[in-house]
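S.K.: Quick one, my_file35.csv (CSV, C-alpha atoms):
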chain,number,residue,atom,x,y,z
J,1,MET,CA,-75.2,30.8,-12.5
J,2,ILE,CA,-76.5,32.7,-15.5
J,3,ARG,CA,-74.8,35.9,-14.4
J,4,LYS,CA,-71.5,34.1,-14.0
J,5,LEU,CA,-71.8,32.6,-17.5
J,6,ALA,CA,-72.6,36.0,-18.9
J,7,VAL,CA,-69.6,37.5,-17.3
J,8,TRP,CA,-67.2,34.8,-18.5
J,9,SER,CA,-68.8,34.9,-22.0
J,10,THR,CA,-68.2,38.6,-22.1
J,11,ILE,CA,-64.6,38.2,-21.0
J,12,ALA,CA,-63.9,35.5,-23.5
J,13,ALA,CA,-65.4,37.5,-26.4
J,14,LEU,CA,-63.4,40.6,-25.4
J,15,SER,CA,-60.2,38.7,-25.0
J,16,PHE,CA,-60.3,37.3,-28.6
J,17,SER,CA,-61.9,40.2,-30.4
J,18,VAL,CA,-59.4,43.0,-29.8
J,19,HIS,CA,-57.2,43.7,-32.7
J,20,ALA,CA,-53.5,43.6,-31.6
J,21,ARG,CA,-52.6,47.0,-32.9
J,22,ALA,CA,-55.8,48.9,-32.0
J,23,SER,CA,-55.4,51.6,-29.3
J,24,ASP,CA,-59.1,51.1,-28.3
J,25,VAL,CA,-60.9,48.3,-26.6
J,26,ARG,CA,-64.6,47.8,-27.2
J,27,ARG,CA,-66.3,47.2,-23.9
J,28,VAL,CA,-69.9,45.9,-23.7
J,29,VAL,CA,-71.5,45.8,-20.3
J,30,THR,CA,-74.8,43.9,-19.7
J,31,GLY,CA,-77.5,44.7,-17.2
J,32,ILE,CA,-81.3,44.7,-16.7
J,33,ASP,CA,-83.2,47.5,-18.4
J,34,ALA,CA,-86.4,49.4,-17.3
J,35,ASP,CA,-88.5,46.6,-18.8
J,36,ASN,CA,-86.6,44.0,-16.7
J,37,LYS,CA,-84.9,42.5,-19.7
J,38,SER,CA,-81.3,41.8,-20.2
J,39,ASN,CA,-79.7,44.4,-22.4
J,40,ALA,CA,-76.3,46.0,-23.3
J,41,ILE,CA,-76.3,49.0,-20.9
J,42,LEU,CA,-72.9,50.2,-22.1
J,43,ASP,CA,-71.2,49.7,-25.4
J,44,SER,CA,-68.2,51.9,-26.1
J,45,LYS,CA,-64.6,52.1,-27.0
J,46,ILE,CA,-62.1,52.6,-24.1
J,47,THR,CA,-58.8,54.1,-25.1
J,48,LEU,CA,-55.6,52.6,-23.7
J,49,THR,CA,-53.9,55.5,-21.9
J,50,PRO,CA,-50.1,56.0,-21.3
J,51,ALA,CA,-48.9,54.7,-17.9
J,52,PRO,CA,-45.4,54.7,-16.3
J,53,ASN,CA,-42.6,52.7,-17.9
J,54,ASP,CA,-44.1,53.1,-21.4
J,55,LEU,CA,-47.0,50.9,-20.6
J,56,LYS,CA,-50.5,51.5,-21.8
J,57,TRP,CA,-53.6,50.4,-20.0
J,58,ALA,CA,-57.4,50.7,-19.7
J,59,HIS,CA,-59.6,49.9,-16.7
J,60,LEU,CA,-62.7,48.3,-18.0
J,61,TRP,CA,-64.6,47.5,-14.8
J,62,VAL,CA,-63.9,47.8,-11.1
J,63,THR,CA,-65.8,46.4,-8.1
J,64,ASP,CA,-65.3,47.4,-4.5
J,65,SER,CA,-67.2,44.8,-2.5
J,66,TYR,CA,-67.7,41.1,-2.1
J,67,PRO,CA,-70.1,39.6,-2.9
J,68,ILE,CA,-70.1,41.9,-6.0
J,69,SER,CA,-72.9,44.4,-6.4
J,70,ILE,CA,-74.5,44.7,-9.8
J,71,SER,CA,-74.1,48.2,-11.1
J,72,ALA,CA,-76.3,50.0,-13.6
J,73,THR,CA,-73.6,52.7,-14.1
J,74,ASP,CA,-70.0,52.7,-15.2
J,75,THR,CA,-67.6,51.6,-12.5
J,76,LYS,CA,-64.2,51.9,-14.3
J,77,ASP,CA,-63.4,55.2,-12.5
J,78,LYS,CA,-63.5,53.5,-9.1
J,79,SER,CA,-59.9,52.4,-9.9
J,80,VAL,CA,-57.4,53.2,-7.1
J,81,GLY,CA,-54.3,52.5,-9.1
J,82,VAL,CA,-52.7,49.1,-10.1
J,83,SER,CA,-54.5,47.1,-7.4
J,84,PRO,CA,-58.2,46.8,-7.0
J,85,PRO,CA,-60.0,48.3,-4.0
J,86,GLU,CA,-60.1,46.3,-0.8
J,87,ASN,CA,-62.4,43.3,-1.3
J,88,GLY,CA,-62.8,44.3,-4.9
J,89,THR,CA,-61.7,43.4,-8.4
J,90,GLN,CA,-60.2,45.3,-11.4
J,91,PHE,CA,-60.7,44.2,-15.0
J,92,GLY,CA,-58.5,45.7,-17.6
J,93,VAL,CA,-56.1,45.6,-20.5
J,94,VAL,CA,-52.3,46.3,-20.2
J,95,GLU,CA,-50.1,46.7,-23.2
J,96,ILE,CA,-46.3,46.2,-22.7
J,97,PRO,CA,-44.0,47.6,-25.4
J,98,ALA,CA,-41.2,45.6,-26.9
J,99,SER,CA,-37.9,46.1,-25.2
J,100,ASP,CA,-35.2,48.1,-27.1
J,101,PRO,CA,-32.9,45.4,-28.5
J,102,ALA,CA,-29.9,47.8,-28.0
J,103,GLN,CA,-30.6,48.0,-24.2
J,104,PRO,CA,-30.7,45.2,-21.7
J,105,ALA,CA,-34.3,44.6,-20.6
J,106,GLN,CA,-34.9,46.0,-17.1
J,107,PRO,CA,-37.6,44.0,-15.3
J,108,LEU,CA,-40.0,46.0,-13.3
J,109,TRP,CA,-40.3,43.7,-10.2
J,110,HIS,CA,-43.4,44.1,-8.1
J,111,GLN,CA,-45.7,42.2,-5.8
J,112,THR,CA,-49.3,42.9,-5.1
J,113,ARG,CA,-51.7,41.4,-2.6
J,114,THR,CA,-53.9,40.0,-5.4
J,115,VAL,CA,-54.8,36.9,-7.3
J,116,ASP,CA,-54.6,37.8,-11.0
J,117,TYR,CA,-56.1,36.0,-14.0
J,118,VAL,CA,-54.1,37.0,-17.1
J,119,VAL,CA,-54.7,36.1,-20.7
J,120,VAL,CA,-52.0,37.0,-23.4
J,121,MET,CA,-54.2,38.5,-26.1
J,122,SER,CA,-51.4,39.3,-28.6
J,123,GLY,CA,-47.6,39.3,-28.8
J,124,GLU,CA,-45.3,37.4,-26.5
J,125,ILE,CA,-43.9,38.1,-23.1
J,126,ASP,CA,-41.7,36.6,-20.4
J,127,LEU,CA,-43.1,36.2,-16.9
J,128,MET,CA,-40.1,36.7,-14.6
J,129,LEU,CA,-40.3,34.9,-11.2
J,130,GLU,CA,-37.7,34.7,-8.6
J,131,ALA,CA,-36.8,31.0,-9.4
J,132,SER,CA,-37.9,30.7,-13.0
J,133,VAL,CA,-38.9,32.5,-16.3
J,134,VAL,CA,-42.0,31.5,-18.2
J,135,HIS,CA,-42.3,32.4,-21.9
J,136,LEU,CA,-45.9,33.1,-22.9
J,137,LYS,CA,-47.6,33.6,-26.3
J,138,ALA,CA,-51.1,34.7,-27.5
J,139,GLY,CA,-53.8,32.5,-26.0
J,140,ASP,CA,-51.7,31.5,-22.9
J,141,THR,CA,-53.0,32.1,-19.4
J,142,VAL,CA,-51.6,32.8,-16.0
J,143,VAL,CA,-53.0,32.6,-12.5
J,144,GLN,CA,-50.7,34.9,-10.5
J,145,GLN,CA,-51.1,34.4,-6.8
J,146,ALA,CA,-49.5,37.4,-5.0
J,147,THR,CA,-45.9,36.4,-6.1
J,148,ASN,CA,-43.0,38.8,-6.7
J,149,HIS,CA,-42.9,39.0,-10.5
J,150,ALA,CA,-42.0,41.1,-13.5
J,151,TRP,CA,-43.1,41.2,-17.2
J,152,VAL,CA,-40.5,41.6,-20.0
J,153,ASN,CA,-41.3,41.8,-23.6
J,154,ARG,CA,-38.3,40.7,-25.6
J,155,GLY,CA,-40.4,40.5,-28.8
J,156,THR,CA,-40.7,43.0,-31.6
J,157,VAL,CA,-44.3,44.0,-31.1
J,158,PRO,CA,-46.3,45.2,-28.1
J,159,CYS,CA,-47.8,42.5,-25.9
J,160,ARG,CA,-51.4,43.0,-24.9
J,161,LEU,CA,-52.6,41.3,-21.7
J,162,LEU,CA,-56.2,41.0,-20.4
J,163,VAL,CA,-56.1,41.0,-16.6
J,164,VAL,CA,-58.6,40.4,-13.8
J,165,LEU,CA,-57.0,41.4,-10.5
J,166,MET,CA,-58.8,40.3,-7.3
J,167,ASP,CA,-58.0,41.5,-3.8
J,168,ALA,CA,-56.7,38.6,-1.7
J,169,LYS,CA,-55.6,37.8,1.8
J,170,GLN,CA,-52.0,38.5,2.6
J,171,PRO,CA,-49.9,35.4,1.8
J,172,LYS,CA,-48.4,33.5,4.7
J,173,GLY,CA,-44.7,33.1,4.4
Starting from the file, give its structure as structure tokens.

M.R.:
Amino acid sequence: MIRKLAVWSTIAALSFSVHARASDVRRVVTGIDADNKSNAILDSKITLTPAPNDLKWAHLWVTDSYPISISATDTKDKSVGVSPPENGTQFGVVEIPASDPAQPAQPLWHQTRTVDYVVVMSGEIDLMLEASVVHLKAGDTVVQQATNHAWVNRGTVPCRLLVVLMDAKQPKG
């Protein structure tokens, strides 16, 4: 229970402490030190890196098993792309640029076999679904359950999303 509380406290603190225009995200990872005391085992800036379609992202932590194993070393490089490893999770930040007002927005539709927790950290964004569009602002949250979807930023500033992607069973349909 204490570990779950620590994880969620870290996520909440990170989600509301990142400056909207900063290209770096501060990542603090806790663990047990050599004296068997809780401690910050990692405390560093992670740079958002360019990704396809003018996105920027940073993987902050990746797991590759369930139940999750506690790690004393950095796991962000276990990333296998957009989706987490099988039976794993991927925690990160995605920044979506504002659309060019002179061009019609081109939604990048995709569907992953994941359940995603998303927090809009800054900016605004439209979550495009096959039967609806949901406009989201800073502080709004989404639980995305393996649906076909796209993100479109019709605003004037980049939109930064905090995401936790979790491997899930293939939806029945």

S.K.: Nearest residue to Val143 in chain J out of J:Ile96, J:Ala131, J:Val118, J:Ile32, using only C-alpha atoms?

M.R.: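 Using only C-alpha atoms, the shortest distance to Val143 in chain J belongs to J:Val118.
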
S.K.: Kindly provide, as a list in words, the polymer residues lying within 7 Å of (-64.1, 47.3, 0.6), counting only C-alpha atoms and using the coordinates exactly as they appear in the file.

M.R.: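 I get Asp64, Ser65, Pro85, Glu86, Asn87 and Gly88 of chain J for the residues within 7 Å of that point.
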
S.K.: Could you check how far CA of Ser23 in chain J sits from CA of Leu48 in chain J, in Å to one decimal?

M.R.: 5.7 Å

S.K.: Between CA of Asp35 in chain J and CA of Val62 in chain J, measure the distance and give it in Å to one decimal.

M.R.: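 For CA of Asp35 in chain J relative to CA of Val62 in chain J, the distance reads 25.8 Å.
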
S.K.: To one decimal place in Å, what is the distance between CA of Gln111 in chain J and CA of Arg26 in chain J?

M.R.: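 Separation of CA of Gln111 in chain J and CA of Arg26 in chain J: 29.1 Å.
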
S.K.: Using all atoms listed in the file, what residues lie at most 12 Å away from (-71.2, 54.0, -13.3) (file coordinates), given as a ChimeraX atom specification?

M.R.: /J:29,31,41-42,60-63,69-79

S.K.: With only C-alpha atoms as the basis for distance, which of J:Leu108, J:Thr141, J:Pro97, J:Gly92 is at the shortest distance from Met166 in chain J?

M.R.: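 Of J:Leu108, J:Thr141, J:Pro97, J:Gly92, the one nearest Met166 in chain J is J:Gly92, counting only C-alpha atoms.
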
S.K.: In terms of the shortest atom-to-atom distance over all atoms listed in the file, which of J:Lys172, J:Val93, J:Pro107, J:Val28 is closest to Asn53 in chain J?

M.R.: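 Residue with the minimum atom-to-atom distance to Asn53 in chain J: J:Pro107.
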
S.K.: Smallest atom-to-atom distance to Pro101 in chain J: which of J:Thr156, J:Thr49, J:Asn39, J:Ser132, using only C-alpha atoms?

M.R.: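 Nearest to Pro101 in chain J: J:Thr156.
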
S.K.: Name the closest residue to Asp116 in chain J among the candidates J:Ser99, J:Gln170, J:Gln144, J:Thr89; distances are taken between atoms, counting only C-alpha atoms.

M.R.: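 Nearest to Asp116 in chain J: J:Gln144.
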
S.K.: Please provide the set of residues having any atom within 10 Å of Ala98 in chain J, restricted to all atoms listed in the file, with same-chain residues fewer than 5 positions apart removed, written as a list in words.

M.R.: Asp54, Ala105, Gly123, Glu124, Ile125, Val152, Asn153, Arg154, Gly155, Thr156, Val157, Pro158 and Cys159 of chain J
